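**Q** Below: one structure in structure tokens.
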Amino acid sequence: MRLPHLGPIARNSISTMLVYVVRLGVQVALLLLVARYLGPEQYGQFAGIAALAFALGTLSSFGMGFLVLGESAKSPDAGAAVLARAVPATILAAALLGPLYLWLAVHVLDSGAGLLIISLIGLSELLLVPILGLLAHRLHGLGMIARSQALALWPMVLRLTGLLLALTLLTDRSLQIYAWVHLVGSATALAVAWRLSRRHGQFLRTLHHPELAEIRRGTRHAVMNFTAITPGELDKAIALRLLGAADTGLYALASRGMAVVTLPVIAMLLAALPRMIRELQGGEKNSGRLLRLVIGIAGFYGLAAAAVLYLFAPPALEWALAAEYAGIGNVVQKIALIAPFISVRIATGTVLFALDRPLSRSAIEGGAVVAMLALALFLVPRLGLAGLVWAVLISEAMMAIVGSLILKKYSGLH
């Protein structure tokens, strides 16, 4: 007996996973190369500034990327019309967020990186990457999930290429050089994606003024996206403020490594998202089984990832990195304990989005971020880097547990 939806879903899952395998390799290579190139102190400065810019960048499109995805899934023409209004909205939002970002980076983080470096990173993350994300949402809504994720891969490939050239041509290890590489990689990826979209006429033809009604609709999704991203980014900014640049470099490298190993969970969820939206919002009877499968796989994978990180990552990192990163193995082993909670948190958050409960998700993640900040302010002065790890672990556990309880209420999940 044939299962009518198994073929397309399986193909989407396999192709998306292949893109993520490539992305995993590129991201690992870029992470290690940037860390070696900059050293702990400059890498800590970069990680804290980039985390702030990336978190604020989730607000740049007023959440209209989710509208592009949803409308494209319903009607390609309707999605194209929303996209044409979403790009100008993103430019407007970036202009409004830019001064706030500069003030926070200079006066709150006190990174000492310099205004030029801060501006280069901000331009990339507040403007260029969000517009590229709109094009990716368009592809995702059209069912081209692997291609949509490939758009996120291009900037990393170009940054890796640029950094290799910088290592070949220059001997000075400079955060300013890598800030330019970071910006040019994003700009080149966007230029290529933009040209392809206009050539094929599938994604973007002309631009139109954004509509206030759409901005209002998208705002709740923007808040959801901001609170979803913030738990994985705010800790680097907190580290830069409370621990200093050198310890932030060690923490950020270990934390980014943990984020990399959770990519397969994200790939699975993205592949299953269209089906979850159809079944959950359509009220299908067997949707509970799909949710149990998704969350069960995420939890099991998180445990496996934690074991791999704890046992094998420390010697691998100490071999791959310079002696100035001594002690990175101990930091990775502490952070590995967080992996199961992050996997389940990502899964429950995605399911809440599929249930069209963005405010519930935002409330959970926003509350956990406040708890993490309060715990960090209390624990870091007493325990140092270990205090930040405990603050993140407790906040991630809170999100995973509360998210699961809310899903039990909304969907009958046990």
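By convention in this document, the chains of the structure tokens carry letters A, B, ... by their order, each chain's residues are numbered from 1, and ligands are numbered from 1 in the order they are shown.
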Give me, as a count of residues only, all polymer residues having an atom no more than 10 Å from A:Val344, counting only C-alpha atoms and skipping those fewer than 5 positions away in the same chain.
**A** 20
**Q** Contacts of stretch 123-134 of chain A at 8 Å or less, counting only C-alpha atoms, minus same-chain residues fewer than 2 places along, as an MDAnalysis selection string?
**A** chainID A and resid 50 53:54 56:58 60:61 64:65 68 83 86:87 90:91 94 97:98 119:121 136:138 151:152 182:183 186:187 189:190 193
**Q** Have a look at A:Val331, A:Val223, A:Leu116, A:Leu280 and name the one nearest to A:Gln176; count only C-alpha atoms.
**A**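 Closest to A:Gln176 of all the choices is A:Leu116.
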**Q** Tell me which of A:Met372, A:Ala305, A:Ile335, A:Ile238 sits closest to A:Ala51, counting only C-alpha atoms.
**A**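 For A:Ala51, the nearest of the given residues is A:Ile238.
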**Q** Would you work out the distance separating atom CA of A:Leu388 from atom CA of A:Tyr251, expressed in Å to one decimal?
**A**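 It comes out at 9.0 Å.
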**Q** Record the distance separating atom CA of A:Leu109 and atom CA of A:Arg241, expressed in Å with one decimal.
**A**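 These atoms are spaced 5.2 Å apart.
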**Q** Please run DSSP on the backbone and report, as a count of residues only, all residues within stretch 111-250 of chain A that come out as alpha helix (DSSP H).
**A** 110
**Q** Hey, can you check how far atom CA of A:Pro99 sits from atom CA of A:Ser174?
**A**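 Between atom CA of A:Pro99 and atom CA of A:Ser174 the gap is 25.1 Å.
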**Q** Name the closest residue to A:Pro155 among the candidates A:Leu115, A:Leu96, A:Val26, A:Leu379; distances are taken between atoms, counting only C-alpha atoms.
**A**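 Ranked by minimum distance to A:Pro155, first place goes to A:Val26.
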**Q** I need the residue nearest A:Val332 from this list: A:Ala84, A:Leu293, A:Met276, A:Val308. Use only C-alpha atoms for the distance.
**A**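 Of A:Ala84, A:Leu293, A:Met276, A:Val308, the one nearest A:Val332 is A:Val308, counting only C-alpha atoms.
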**Q** I'd like the contact shell of A:Leu175 - 7 Å cut-off, only C-alpha atoms, skipping same-chain residues fewer than 4 positions apart - returned as a PyMOL selection string.
**A** chain A and resi 38+42+179
**Q** Would you save the residues of that selection, restricted to all heavy atoms, as a PDB file, in the first residue's frame?
**A**
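Below is the file that was written, part20.pdb:
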ATOM      1  N   LEU A  38      41.727  34.826  14.863  1.00  0.00           N
ATOM      2  CA  LEU A  38      41.543  35.966  15.740  1.00  0.00           C
ATOM      3  C   LEU A  38      42.172  35.781  17.114  1.00  0.00           C
ATOM      4  O   LEU A  38      42.554  36.760  17.758  1.00  0.00           O
ATOM      5  CB  LEU A  38      40.052  36.282  15.902  1.00  0.00           C
ATOM      6  CG  LEU A  38      39.298  36.736  14.653  1.00  0.00           C
ATOM      7  CD1 LEU A  38      37.826  36.949  14.973  1.00  0.00           C
ATOM      8  CD2 LEU A  38      39.911  38.006  14.070  1.00  0.00           C
ATOM      9  N   GLN A  42      40.174  38.519  20.567  1.00  0.00           N
ATOM     10  CA  GLN A  42      39.464  39.135  19.448  1.00  0.00           C
ATOM     11  C   GLN A  42      38.256  38.297  19.038  1.00  0.00           C
ATOM     12  O   GLN A  42      37.222  38.850  18.628  1.00  0.00           O
ATOM     13  CB  GLN A  42      40.408  39.311  18.255  1.00  0.00           C
ATOM     14  CG  GLN A  42      41.414  40.427  18.437  1.00  0.00           C
ATOM     15  CD  GLN A  42      42.095  40.784  17.128  1.00  0.00           C
ATOM     16  OE1 GLN A  42      41.682  41.721  16.442  1.00  0.00           O
ATOM     17  NE2 GLN A  42      43.126  40.034  16.780  1.00  0.00           N
ATOM     18  N   ALA A 179      35.988  41.494   9.930  1.00  0.00           N
ATOM     19  CA  ALA A 179      34.707  42.199   9.849  1.00  0.00           C
ATOM     20  C   ALA A 179      34.384  42.556   8.401  1.00  0.00           C
ATOM     21  O   ALA A 179      33.227  42.453   7.968  1.00  0.00           O
ATOM     22  CB  ALA A 179      34.747  43.453  10.723  1.00  0.00           C
TER      23      ALA A 179
END
**Q** Can you tell me which residues surround A:Ala391 at a distance of at most 12 Å, considering only C-alpha atoms, apart from same-chain residues fewer than 4 positions away, and format the answer as a ChimeraX atom specification?
**A** /A:231,234-235,238-239,334-335,338,368-380,383-387,395-398
**Q** Calculated over only C-alpha atoms, which of the candidates A:Arg36, A:Arg195, A:His140, A:Arg23 has the smallest distance to A:Leu153?
**A**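 Distance minimum relative to A:Leu153 lands on A:Arg23.
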**Q** Counting only C-alpha atoms, which of A:Tyr37, A:Trp103, A:Phe353, A:Trp180 gets nearest to A:Leu273?
**A**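 Distance minimum relative to A:Leu273 lands on A:Phe353.
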**Q** Excluding A:Asn330 and its own-chain neighbours fewer than 2 positions away, which residues fall within 12 Å of it when counting only C-alpha atoms? Please give them as a list in words.
**A** Leu250, Tyr251, Ala254, Leu309, Tyr310, Leu311, Phe312, Ala313, Pro314, Pro315, Leu317, Glu318, Tyr325, Ala326, Gly327, Ile328, Val332, Gln333, Lys334, Ile335, Ala336, Leu337, Leu385, Ala386 and Val389 of chain A
**Q** Export, as a short mmCIF file (atom, residue, chain, number, x, y, z; two decimals), in the first residue's frame, the selected residues with C-alpha atoms.
**A**
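Now in result17.cif:
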data_model
loop_
_atom_site.label_atom_id
_atom_site.label_comp_id
_atom_site.auth_asym_id
_atom_site.auth_seq_id
_atom_site.Cartn_x
_atom_site.Cartn_y
_atom_site.Cartn_z
CA LEU A 250 36.56 30.19 25.04
CA TYR A 251 32.88 30.16 25.99
CA ALA A 254 32.40 25.91 22.87
CA LEU A 309 30.62 16.43 22.69
CA TYR A 310 31.62 15.31 26.18
CA LEU A 311 33.80 12.39 25.07
CA PHE A 312 35.27 13.33 21.70
CA ALA A 313 35.12 17.11 21.20
CA PRO A 314 37.71 18.12 23.86
CA PRO A 315 40.70 16.25 22.37
CA LEU A 317 39.44 20.90 19.65
CA GLU A 318 42.68 20.93 21.61
CA TYR A 325 42.93 28.01 23.62
CA ALA A 326 44.19 25.77 26.42
CA GLY A 327 41.29 24.71 28.63
CA ILE A 328 38.71 24.67 25.83
CA VAL A 332 33.08 22.03 26.08
CA GLN A 333 32.40 19.26 28.61
CA LYS A 334 30.44 21.67 30.81
CA ILE A 335 28.43 23.04 27.88
CA ALA A 336 27.70 19.55 26.47
CA LEU A 337 25.18 18.99 29.29
CA LEU A 385 32.54 30.95 33.41
CA ALA A 386 30.92 27.96 35.14
CA VAL A 389 27.03 27.70 31.93
#
